Structures are given as structure tokens and as C-alpha cells.
Amino acid sequence: MATAFRDWPWPIQALFFLGLAVVLIAAGFYIPGLPVSTVRTELEAAQQEEKPLAADVASLRVYKQRRAELQSEMDALSKQLATLQTIVPEEKKVDEFILMIQSAAAGSGVTIRRLKALPVAPKQFYFEVPFEVDCDGPYFAVLDFFSKLGRLSRIINVGDLKLSSVATKSSTYRLAPGASVSGVMTVTTFFSKAADAPPPAAAAAPAKR
């Protein structure tokens with residue numbers, strides 16, 4: 001004789017309802033057309049789309065780290081460029097250069113008698129700005145003047161140096177006490193080639209006869 005369901009012991013009824021819930025949930029996941037199955041399919045599709053996106057994010061994370069390194073390198077290069085522009089400025093800045101020479105001479109006890117600007121010499125990537133300098137003073141003061149020129153912020157070359165004793169050379173200037181030598185030299189500084197500066201003129205070819 002069949003027993004009514006409500007007459008079953010409660011543990012068996014509980015197991016029955018639990019099993020029925022499992023079957024319904026499984027059916028919802030795997031039977032096409034049901035809401036749970038649709039959501040499950042969309043979830044799987046989203047997970048499949050997430051994989052390549054996650055790979056892209058991982059690759060972009062590397063570029064993010066690299067960006068910090070590149071920014072640091074750019075900052076270092078900017079500082080180097082600023083230093084180079086101080087050493088070899090873009091413009092001649094003749095007034096500033098003359099003041100630098102005068103200051104170096106005054107700090108060494110040397111008197112500059114004449115400073116003559118010579119023609120600018122264009123090169124491939126820069127310009128040379130030479131000056132003819134006539135100075136006098138004590139011997140060791142003149143040596144200190146050369147040392148100070150070498151420590152200036154701009155690149156300076158000293159050439160065509162001619163030193164002579166003031167005792168063997170007549171001078172129209174009143175010499176400072178202790179002055180023993182006078183010198184004539186070419187002091188050359190540089191500035192970078194401007195973007196709109198004309199290129200150095202090429203030597204003209206000899207005319208054919």
C-alpha cells in the first residue's frame with residue numbers, strides 16, 4: 001500500500017526537496033532557453049572576452065612601467081640639454097661673454113687694454129666667435145687669468161698667444177704696479193647654429209679659361 005508523501009519521515013522529505021532543488025538548478029543551467037542557462041551562456045562568453053582583454057592589460061602595464069623610466073630619461077636629457085645650451089648657447093650673447101672675460105681678468109689682477117671682435121667663422125654645426133685680446137699684468141696673475149677662462153661656463157679656446165716683457169715693449173698705457181708681462185691672444189667662444197641661419201658659403205670654383 002502506497003504511503004502519502006506527507007506521511008514520509010521529515011528527513012526523507014528534506015532529502016527529496018534537496019534533490020529536487022538540485023535537479024531544477026541543474027536543469028536551469030543546462031536546458032537551453034531557461035533564464036539561468038541564458039545567464040550562464042552570457043557569463044561564459046564574457047569570460048572568453050575577458051581573457052584577451054586581461055592579456056592586453058598585462059602588456060599595457062609593462063608600458064606603464066616603461067613610461068616612468070622614459071620620463072626619467074627625458075628629464076635627464078632635458079638637464080643635459082640645458083647644460084649644453086649654457087656651454088654652447090644658441091645665440092652669440094657677445095655682451096655676456098665680454099663681461100665674463102672682464103670679470104675673469106679683474107678677479108686675477110689683469111688689465112685688458114683692448115678687445116677686438118674678429119669675423120665670425122661658420123662651421124657645419126656651430127659658429128666660432130673670436131676676439132683679439134690685449135692684456136697685461138703680473139706673470140702669475142696672467143696665468144691665473146688663463147685658469148679662470150678655462151673654468152668659465154662657456155667653452156673658450158685661447159690661441160695665437162704672444163707674451164712679452166713690459167720692460168722690452170713701449171706702452172702708451174700706465175701699467176699697474178707689479179705688471180711684468182703683456183700678451184696678445186685670440187679668445188674664441190662658440191654658439192650653436194640657428195635653424196634659419198644660412199649655411200657656410202662654399203668656395204667658388206675657379207673659372208675655366
# chains A, B, ... in the order shown; residues from 1 in each chain; ligands from 1

call {"tool": "residues_around", "arguments": {"residues": "range 176-187 of chain A", "least_positions_apart": "3", "cutoff": "7 Å", "atoms": "only C-alpha atoms", "output": "ChimeraX atom specification"}}
result
/A:130-139,156-166

call {"tool": "residues_around", "arguments": {"residues": "range 142-153 of chain A", "least_positions_apart": "2", "cutoff": "8 Å", "atoms": "only C-alpha atoms", "output": "VMD selection string"}}
result
chain A and resid 86 to 87 100 to 101 104 to 105 107 to 110 136 to 140 155 to 156

call {"tool": "write_last_selection", "arguments": {"atoms": "C-alpha atoms", "output": "mmCIF file, in the first residue's frame"}}
result
data_model
loop_
_atom_site.group_PDB
_atom_site.id
_atom_site.type_symbol
_atom_site.label_atom_id
_atom_site.label_comp_id
_atom_site.auth_asym_id
_atom_site.auth_seq_id
_atom_site.Cartn_x
_atom_site.Cartn_y
_atom_site.Cartn_z
ATOM 1 C CA THR A 86 74.884 77.068 -21.229
ATOM 2 C CA ILE A 87 78.218 75.797 -22.564
ATOM 3 C CA MET A 100 82.711 87.092 -18.333
ATOM 4 C CA ILE A 101 86.196 87.841 -19.717
ATOM 5 C CA ALA A 104 87.923 86.837 -15.002
ATOM 6 C CA ALA A 105 90.610 89.448 -15.717
ATOM 7 C CA GLY A 107 89.493 88.696 -10.450
ATOM 8 C CA SER A 108 93.061 87.787 -11.453
ATOM 9 C CA GLY A 109 94.522 91.308 -11.319
ATOM 10 C CA VAL A 110 94.979 91.514 -15.085
ATOM 11 C CA ASP A 136 98.996 92.986 -19.181
ATOM 12 C CA GLY A 137 99.707 92.300 -15.542
ATOM 13 C CA PRO A 138 101.957 90.294 -13.216
ATOM 14 C CA TYR A 139 103.120 86.980 -14.695
ATOM 15 C CA PHE A 140 101.335 84.734 -12.224
ATOM 16 C CA ILE A 155 83.573 76.790 -23.944
ATOM 17 C CA ILE A 156 86.555 79.060 -24.595
#

call {"tool": "select_by_dssp", "arguments": {"residues": "range 65-150 of chain A", "states": "alpha helix (DSSP H)", "output": "number ranges by chain"}}
result
A: 65-87, 94-108, 139-150

call {"tool": "write_last_selection", "arguments": {"atoms": "C-alpha atoms", "output": "PDB file, in the first residue's frame"}}
result
ATOM      1  CA  GLN A  65      56.273  50.931 -16.002  1.00  0.00           C
ATOM      2  CA  ARG A  66      58.364  51.793 -19.057  1.00  0.00           C
ATOM      3  CA  ARG A  67      56.722  55.240 -19.195  1.00  0.00           C
ATOM      4  CA  ALA A  68      58.158  56.122 -15.804  1.00  0.00           C
ATOM      5  CA  GLU A  69      61.613  55.084 -16.997  1.00  0.00           C
ATOM      6  CA  LEU A  70      61.229  57.094 -20.214  1.00  0.00           C
ATOM      7  CA  GLN A  71      60.063  60.139 -18.248  1.00  0.00           C
ATOM      8  CA  SER A  72      63.137  59.855 -16.034  1.00  0.00           C
ATOM      9  CA  GLU A  73      65.377  59.583 -19.107  1.00  0.00           C
ATOM     10  CA  MET A  74      63.667  62.605 -20.682  1.00  0.00           C
ATOM     11  CA  ASP A  75      64.219  64.647 -17.523  1.00  0.00           C
ATOM     12  CA  ALA A  76      67.904  63.696 -17.522  1.00  0.00           C
ATOM     13  CA  LEU A  77      68.226  64.602 -21.208  1.00  0.00           C
ATOM     14  CA  SER A  78      66.489  67.931 -20.576  1.00  0.00           C
ATOM     15  CA  LYS A  79      69.030  68.736 -17.874  1.00  0.00           C
ATOM     16  CA  GLN A  80      71.869  67.757 -20.208  1.00  0.00           C
ATOM     17  CA  LEU A  81      70.400  69.964 -22.937  1.00  0.00           C
ATOM     18  CA  ALA A  82      70.162  72.902 -20.538  1.00  0.00           C
ATOM     19  CA  THR A  83      73.812  72.368 -19.566  1.00  0.00           C
ATOM     20  CA  LEU A  84      74.880  72.172 -23.212  1.00  0.00           C
ATOM     21  CA  GLN A  85      72.957  75.350 -24.007  1.00  0.00           C
ATOM     22  CA  THR A  86      74.884  77.068 -21.229  1.00  0.00           C
ATOM     23  CA  ILE A  87      78.218  75.797 -22.564  1.00  0.00           C
ATOM     24  CA  VAL A  94      78.550  88.764 -27.034  1.00  0.00           C
ATOM     25  CA  ASP A  95      77.822  91.229 -24.215  1.00  0.00           C
ATOM     26  CA  GLU A  96      77.548  88.410 -21.684  1.00  0.00           C
ATOM     27  CA  PHE A  97      80.769  86.823 -22.979  1.00  0.00           C
ATOM     28  CA  ILE A  98      82.722  90.098 -22.769  1.00  0.00           C
ATOM     29  CA  LEU A  99      81.541  90.617 -19.187  1.00  0.00           C
ATOM     30  CA  MET A 100      82.711  87.092 -18.333  1.00  0.00           C
ATOM     31  CA  ILE A 101      86.196  87.841 -19.717  1.00  0.00           C
ATOM     32  CA  GLN A 102      86.354  91.203 -17.936  1.00  0.00           C
ATOM     33  CA  SER A 103      85.285  89.592 -14.660  1.00  0.00           C
ATOM     34  CA  ALA A 104      87.923  86.837 -15.002  1.00  0.00           C
ATOM     35  CA  ALA A 105      90.610  89.448 -15.717  1.00  0.00           C
ATOM     36  CA  ALA A 106      89.580  91.675 -12.805  1.00  0.00           C
ATOM     37  CA  GLY A 107      89.493  88.696 -10.450  1.00  0.00           C
ATOM     38  CA  SER A 108      93.061  87.787 -11.453  1.00  0.00           C
ATOM     39  CA  TYR A 139     103.120  86.980 -14.695  1.00  0.00           C
ATOM     40  CA  PHE A 140     101.335  84.734 -12.224  1.00  0.00           C
ATOM     41  CA  ALA A 141      98.216  86.914 -12.457  1.00  0.00           C
ATOM     42  CA  VAL A 142      98.156  86.303 -16.210  1.00  0.00           C
ATOM     43  CA  LEU A 143      98.474  82.564 -15.575  1.00  0.00           C
ATOM     44  CA  ASP A 144      95.553  82.759 -13.132  1.00  0.00           C
ATOM     45  CA  PHE A 145      93.565  84.653 -15.775  1.00  0.00           C
ATOM     46  CA  PHE A 146      94.053  81.756 -18.206  1.00  0.00           C
ATOM     47  CA  SER A 147      92.982  79.325 -15.487  1.00  0.00           C
ATOM     48  CA  LYS A 148      89.795  81.309 -14.832  1.00  0.00           C
ATOM     49  CA  LEU A 149      88.981  81.368 -18.549  1.00  0.00           C
ATOM     50  CA  GLY A 150      89.156  77.571 -18.559  1.00  0.00           C
TER      51      GLY A 150
END

call {"tool": "atom_distance", "arguments": {"atom1": "CA of Glu90 in chain A", "atom2": "CA of Phe125 in chain A"}}
result
11.1 Å
